[in-house]
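Structure, as structure tokens:
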Amino acid sequence: MEHEPIVLDLTGVDIQGENERIRERGPVALVALPGGVPAWSVTDAAVLKSLLADPRVSKDPRQHWSSFINGEITEEWPLLPWISAGNMFTAYGTNHRRLRRLVSPAFTHRRTMALRPRIEAITERLLDKLAATPKGEAADLREGYAYPVPIEIITEMMGVPEHLGPALRKHVDGFFDTSFGPEEAQANYLEMYRLVSELVAYRRETPGDDVTSVLIATRDEDDGSRLSEKELVDTLMLVINAGHETTVNLLDQAIFILLTHPEERADLVEGRVPWSDLVEETLRYEAPVAHLPLRYAVDDIELGEIRIPKGEAILASYAAAGRDPNLYGATAATFDLHRVNKEHLSFGHGAHHCIGASLARLEATIALPAIFERFPNMRLAVDPAELASVGSFISNGHRTLPVLLDGE
């Protein structure tokens, strides 16, 4: 008997519980996106890894998604900004390689490691600010720490001037909020596009040593073609979005996990386990991006008894793959710093592997030990069950993370 697709909860109230219900239907199962749009959710880690590196899987809806080509996906679809941008996130084949080659100089190992002093200075300043919280008053660590660390770094890297920063940040939030209605999502996207276009205009007039200025000036070494204006704006939107929200969730989830796992916290604070192990196990256990829209089958893809037909959409369900019992065994749904196999797909795999993965890891391995060192008695200010999730099936984090810094 054919199952009706599982309708994804767009408010993300119980991402992991929903993933288990999807997994029960097999390694690949049909789900319904906003508007009832069908997609194949891939929850099996091995299957997902193979599909992410499979040339028969594309991210370009214009070439390979039947519903898009047929005009069934309209301007009103709230996830349109996720799939319609003209950047390396949605490119396929040679065009993807061209765009990635233009952007990758901004994320070299050398350039990333050079940011360490800035990350340390930002975390120190934020910790000083948190330390001024009145005794007995809760501090929101998502708003006051997990959020500003990556947004300050990425806006500095991009050369965002102060007058554009606050508005951009607001619209990044909106980009990930899948509980938005169609009009709200579209308005948010258009305003973000306008702000990033303004950033480009500003950096054309006043170039600096930043990613935006570099991308404006960079030519493709093969044929001398610059990024088109739309590619430039869409690429900057991608880097600002991806370089921010994902690391916010990584920091938020890692802090929450340690505040609810005292033995693991002690292992880290007392040096029995490196902080990098916390970062990798958090990425596995609570992938910052739960489901990533979208990929498309270039040809029919046979997966055992399941066939994904040519032209249909595929949803990379990273949060589910991170808890796949086929890979991690019976303890897949348990957080365990001492787990031998902490490999994960949370930064993707293959041609679209996250270009900023090393930056996210650097930020986390600086920011996490720093806050637990500064506030050794820190504890949650509310019952963990009271914490609300971000309004999204894509972004996997908490709305707020209230703590008592002095433990009282």
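If you're wondering about the labels, chains in the structure tokens are A, B, ... by order shown, residues count from 1 in each chain, ligands from 1 in order shown.
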
Open item on the list: Set the distance at 9 Å and use only C-alpha atoms: which residues neighbour Leu199 of chain A once local chain neighbours fewer than 6 positions away are removed? I'd like the list as an MDAnalysis selection string.
Closed with: chainID A and resid 158:161 164 212 233

Select from segment 291-371 of chain A every residue with an atom at most 10 Å from any atom of segment 124-131 of chain A, then for each give the shortest pair of atoms and their distance in Å to one decimal, using only C-alpha atoms, rows by chain and rising number, as a tab-separated table.
residue	atom	partner	partner_atom	distance
A:Ala367	CA	A:Glu124	CA	8.9
A:Ala370	CA	A:Glu124	CA	7.9
A:Ile371	CA	A:Leu127	CA	6.9

Proximity check segment 321-389 of chain A to segment 143-155 of chain A, 12 Å, nearest pairs one decimal Å, only C-alpha atoms, as a Markdown table:
| residue | atom | partner | partner_atom | distance |
| --- | --- | --- | --- | --- |
| A:Gly356 | CA | A:Ile154 | CA | 10.2 |
| A:Leu359 | CA | A:Pro150 | CA | 9.3 |
| A:Ala360 | CA | A:Pro150 | CA | 8.1 |
| A:Arg361 | CA | A:Pro150 | CA | 11.0 |
| A:Leu362 | CA | A:Pro150 | CA | 10.5 |
| A:Glu363 | CA | A:Pro150 | CA | 7.3 |
| A:Ala364 | CA | A:Val149 | CA | 9.3 |
| A:Ile366 | CA | A:Val149 | CA | 10.2 |
| A:Ala367 | CA | A:Val149 | CA | 7.8 |
| A:Leu368 | CA | A:Ala146 | CA | 9.3 |
| A:Ala370 | CA | A:Tyr145 | CA | 11.0 |
| A:Ile371 | CA | A:Tyr145 | CA | 8.9 |

How would the residues just chosen look if you wrote them out with N, CA and C atoms as a PDB file, in the first residue's frame?
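Output below, filename result.pdb:
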ATOM      1  N   GLY A 356      32.639  26.803   4.205  1.00  0.00           N
ATOM      2  CA  GLY A 356      33.012  27.471   5.456  1.00  0.00           C
ATOM      3  C   GLY A 356      33.126  26.541   6.645  1.00  0.00           C
ATOM      4  N   LEU A 359      35.847  27.332   9.139  1.00  0.00           N
ATOM      5  CA  LEU A 359      35.560  28.555   9.906  1.00  0.00           C
ATOM      6  C   LEU A 359      34.588  28.248  11.044  1.00  0.00           C
ATOM      7  N   ALA A 360      33.538  27.482  10.768  1.00  0.00           N
ATOM      8  CA  ALA A 360      32.574  27.115  11.816  1.00  0.00           C
ATOM      9  C   ALA A 360      33.257  26.347  12.937  1.00  0.00           C
ATOM     10  N   ARG A 361      34.128  25.409  12.562  1.00  0.00           N
ATOM     11  CA  ARG A 361      34.841  24.625  13.577  1.00  0.00           C
ATOM     12  C   ARG A 361      35.766  25.516  14.412  1.00  0.00           C
ATOM     13  N   LEU A 362      36.434  26.460  13.749  1.00  0.00           N
ATOM     14  CA  LEU A 362      37.333  27.368  14.468  1.00  0.00           C
ATOM     15  C   LEU A 362      36.544  28.217  15.462  1.00  0.00           C
ATOM     16  N   GLU A 363      35.435  28.792  15.013  1.00  0.00           N
ATOM     17  CA  GLU A 363      34.614  29.618  15.901  1.00  0.00           C
ATOM     18  C   GLU A 363      34.149  28.822  17.122  1.00  0.00           C
ATOM     19  N   ALA A 364      33.696  27.581  16.873  1.00  0.00           N
ATOM     20  CA  ALA A 364      33.165  26.763  17.973  1.00  0.00           C
ATOM     21  C   ALA A 364      34.251  26.338  18.963  1.00  0.00           C
ATOM     22  N   ILE A 366      36.819  27.904  19.756  1.00  0.00           N
ATOM     23  CA  ILE A 366      37.247  29.064  20.553  1.00  0.00           C
ATOM     24  C   ILE A 366      36.128  29.482  21.510  1.00  0.00           C
ATOM     25  N   ALA A 367      34.903  29.607  20.987  1.00  0.00           N
ATOM     26  CA  ALA A 367      33.801  30.169  21.773  1.00  0.00           C
ATOM     27  C   ALA A 367      33.303  29.233  22.871  1.00  0.00           C
ATOM     28  N   LEU A 368      33.311  27.927  22.647  1.00  0.00           N
ATOM     29  CA  LEU A 368      32.740  27.004  23.628  1.00  0.00           C
ATOM     30  C   LEU A 368      33.599  26.868  24.893  1.00  0.00           C
ATOM     31  N   ALA A 370      35.696  28.922  25.998  1.00  0.00           N
ATOM     32  CA  ALA A 370      35.804  30.250  26.624  1.00  0.00           C
ATOM     33  C   ALA A 370      34.637  30.525  27.564  1.00  0.00           C
ATOM     34  N   ILE A 371      33.418  30.173  27.152  1.00  0.00           N
ATOM     35  CA  ILE A 371      32.265  30.499  28.003  1.00  0.00           C
ATOM     36  C   ILE A 371      32.192  29.593  29.233  1.00  0.00           C
TER      37      ILE A 371
END

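The residue that comes closest to Glu120 of chain A, out of A:Pro376, A:Pro369, A:Gly391, A:Pro81 and on the basis of only C-alpha atoms, is A:Pro369.
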
TODO: Compare A:Gly397, A:Gly322, A:Pro402, A:Pro34 by their minimum atom-to-atom distance to Pro384 of chain A, counting only C-alpha atoms, and give me the closest one.
DONE: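 Between A:Gly397, A:Gly322, A:Pro402, A:Pro34, the residue approaching Pro384 of chain A most closely is A:Pro402.
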
- [ ] Figure out the distance between atom CA of Ile394 of chain A and atom CA of Arg23 of chain A, please, to one decimal in Å.
- [x] 17.2 Å

Residue neighbourhood Arg339 of chain A, 9 Å, only C-alpha atoms, exclusion window fewer than 3 positions, as a PDB file with all heavy atoms, in the first residue's frame:
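Heads up, here's the output in selection10.pdb:
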ATOM      1  N   GLU A 281      30.633  15.800  17.811  1.00  0.00           N
ATOM      2  CA  GLU A 281      29.489  15.019  18.306  1.00  0.00           C
ATOM      3  C   GLU A 281      28.215  15.859  18.304  1.00  0.00           C
ATOM      4  O   GLU A 281      27.125  15.337  18.047  1.00  0.00           O
ATOM      5  CB  GLU A 281      29.800  14.464  19.700  1.00  0.00           C
ATOM      6  CG  GLU A 281      28.671  13.670  20.358  1.00  0.00           C
ATOM      7  CD  GLU A 281      28.257  12.371  19.675  1.00  0.00           C
ATOM      8  OE1 GLU A 281      28.701  12.096  18.531  1.00  0.00           O
ATOM      9  OE2 GLU A 281      27.460  11.623  20.267  1.00  0.00           O
ATOM     10  N   TYR A 328      25.434   4.269  13.475  1.00  0.00           N
ATOM     11  CA  TYR A 328      25.887   4.535  14.843  1.00  0.00           C
ATOM     12  C   TYR A 328      25.408   3.505  15.859  1.00  0.00           C
ATOM     13  O   TYR A 328      25.727   3.618  17.051  1.00  0.00           O
ATOM     14  CB  TYR A 328      25.442   5.935  15.281  1.00  0.00           C
ATOM     15  CG  TYR A 328      25.898   7.018  14.332  1.00  0.00           C
ATOM     16  CD1 TYR A 328      24.994   7.635  13.461  1.00  0.00           C
ATOM     17  CD2 TYR A 328      27.232   7.416  14.283  1.00  0.00           C
ATOM     18  CE1 TYR A 328      25.408   8.623  12.583  1.00  0.00           C
ATOM     19  CE2 TYR A 328      27.654   8.400  13.403  1.00  0.00           C
ATOM     20  CZ  TYR A 328      26.735   9.001  12.551  1.00  0.00           C
ATOM     21  OH  TYR A 328      27.150   9.971  11.679  1.00  0.00           O
ATOM     22  N   PHE A 335      23.707  11.264  23.020  1.00  0.00           N
ATOM     23  CA  PHE A 335      24.907  12.099  22.909  1.00  0.00           C
ATOM     24  C   PHE A 335      26.033  11.414  23.675  1.00  0.00           C
ATOM     25  O   PHE A 335      25.887  11.061  24.835  1.00  0.00           O
ATOM     26  CB  PHE A 335      24.640  13.484  23.516  1.00  0.00           C
ATOM     27  CG  PHE A 335      25.826  14.400  23.419  1.00  0.00           C
ATOM     28  CD1 PHE A 335      26.060  15.135  22.265  1.00  0.00           C
ATOM     29  CD2 PHE A 335      26.722  14.525  24.479  1.00  0.00           C
ATOM     30  CE1 PHE A 335      27.164  15.971  22.166  1.00  0.00           C
ATOM     31  CE2 PHE A 335      27.822  15.358  24.386  1.00  0.00           C
ATOM     32  CZ  PHE A 335      28.035  16.079  23.231  1.00  0.00           C
ATOM     33  N   ASP A 336      27.173  11.214  23.020  1.00  0.00           N
ATOM     34  CA  ASP A 336      28.285  10.491  23.659  1.00  0.00           C
ATOM     35  C   ASP A 336      29.618  11.038  23.148  1.00  0.00           C
ATOM     36  O   ASP A 336      30.042  10.739  22.036  1.00  0.00           O
ATOM     37  CB  ASP A 336      28.169   8.993  23.346  1.00  0.00           C
ATOM     38  CG  ASP A 336      29.282   8.171  23.993  1.00  0.00           C
ATOM     39  OD1 ASP A 336      30.050   8.737  24.804  1.00  0.00           O
ATOM     40  OD2 ASP A 336      29.373   6.967  23.682  1.00  0.00           O
ATOM     41  N   LYS A 342      32.436   9.560  15.148  1.00  0.00           N
ATOM     42  CA  LYS A 342      31.678  10.815  15.204  1.00  0.00           C
ATOM     43  C   LYS A 342      31.532  11.424  13.801  1.00  0.00           C
ATOM     44  O   LYS A 342      31.184  12.591  13.671  1.00  0.00           O
ATOM     45  CB  LYS A 342      32.364  11.832  16.123  1.00  0.00           C
ATOM     46  CG  LYS A 342      32.464  11.399  17.587  1.00  0.00           C
ATOM     47  CD  LYS A 342      33.044  12.528  18.430  1.00  0.00           C
ATOM     48  CE  LYS A 342      33.363  12.079  19.837  1.00  0.00           C
ATOM     49  NZ  LYS A 342      34.487  11.145  19.905  1.00  0.00           N
TER      50      LYS A 342
END

Segment 132-229 of chain A near segment 83-96 of chain A within 10 Å: what's each residue's closest atom pair and its distance in Å to one decimal, counting only C-alpha atoms, ordered by chain then ascending residue number, as a Markdown table?
| residue | atom | partner | partner_atom | distance |
| --- | --- | --- | --- | --- |
| A:Leu227 | CA | A:Asn87 | CA | 9.5 |
| A:Ser228 | CA | A:Gly86 | CA | 9.4 |
| A:Glu229 | CA | A:Gly86 | CA | 10.0 |

Compile the contact shell of segment 104-106 of chain A as a PDB file with C-alpha atoms, in the first residue's frame: residues with an atom at most 8 Å away, counting only C-alpha atoms, same-chain residues fewer than 2 positions apart removed.
ATOM      1  CA  ARG A 100      33.030  27.689  -6.399  1.00  0.00           C
ATOM      2  CA  ARG A 101      36.447  28.515  -7.847  1.00  0.00           C
ATOM      3  CA  LEU A 102      35.603  32.216  -7.688  1.00  0.00           C
ATOM      4  CA  THR A 108      41.374  29.259   2.287  1.00  0.00           C
ATOM      5  CA  ARG A 111      42.599  33.171   5.540  1.00  0.00           C
ATOM      6  CA  VAL A 211      35.204  39.003   0.537  1.00  0.00           C
ATOM      7  CA  VAL A 214      37.461  40.364  -3.689  1.00  0.00           C
ATOM      8  CA  ILE A 355      33.061  25.885   1.979  1.00  0.00           C
TER       9      ILE A 355
END
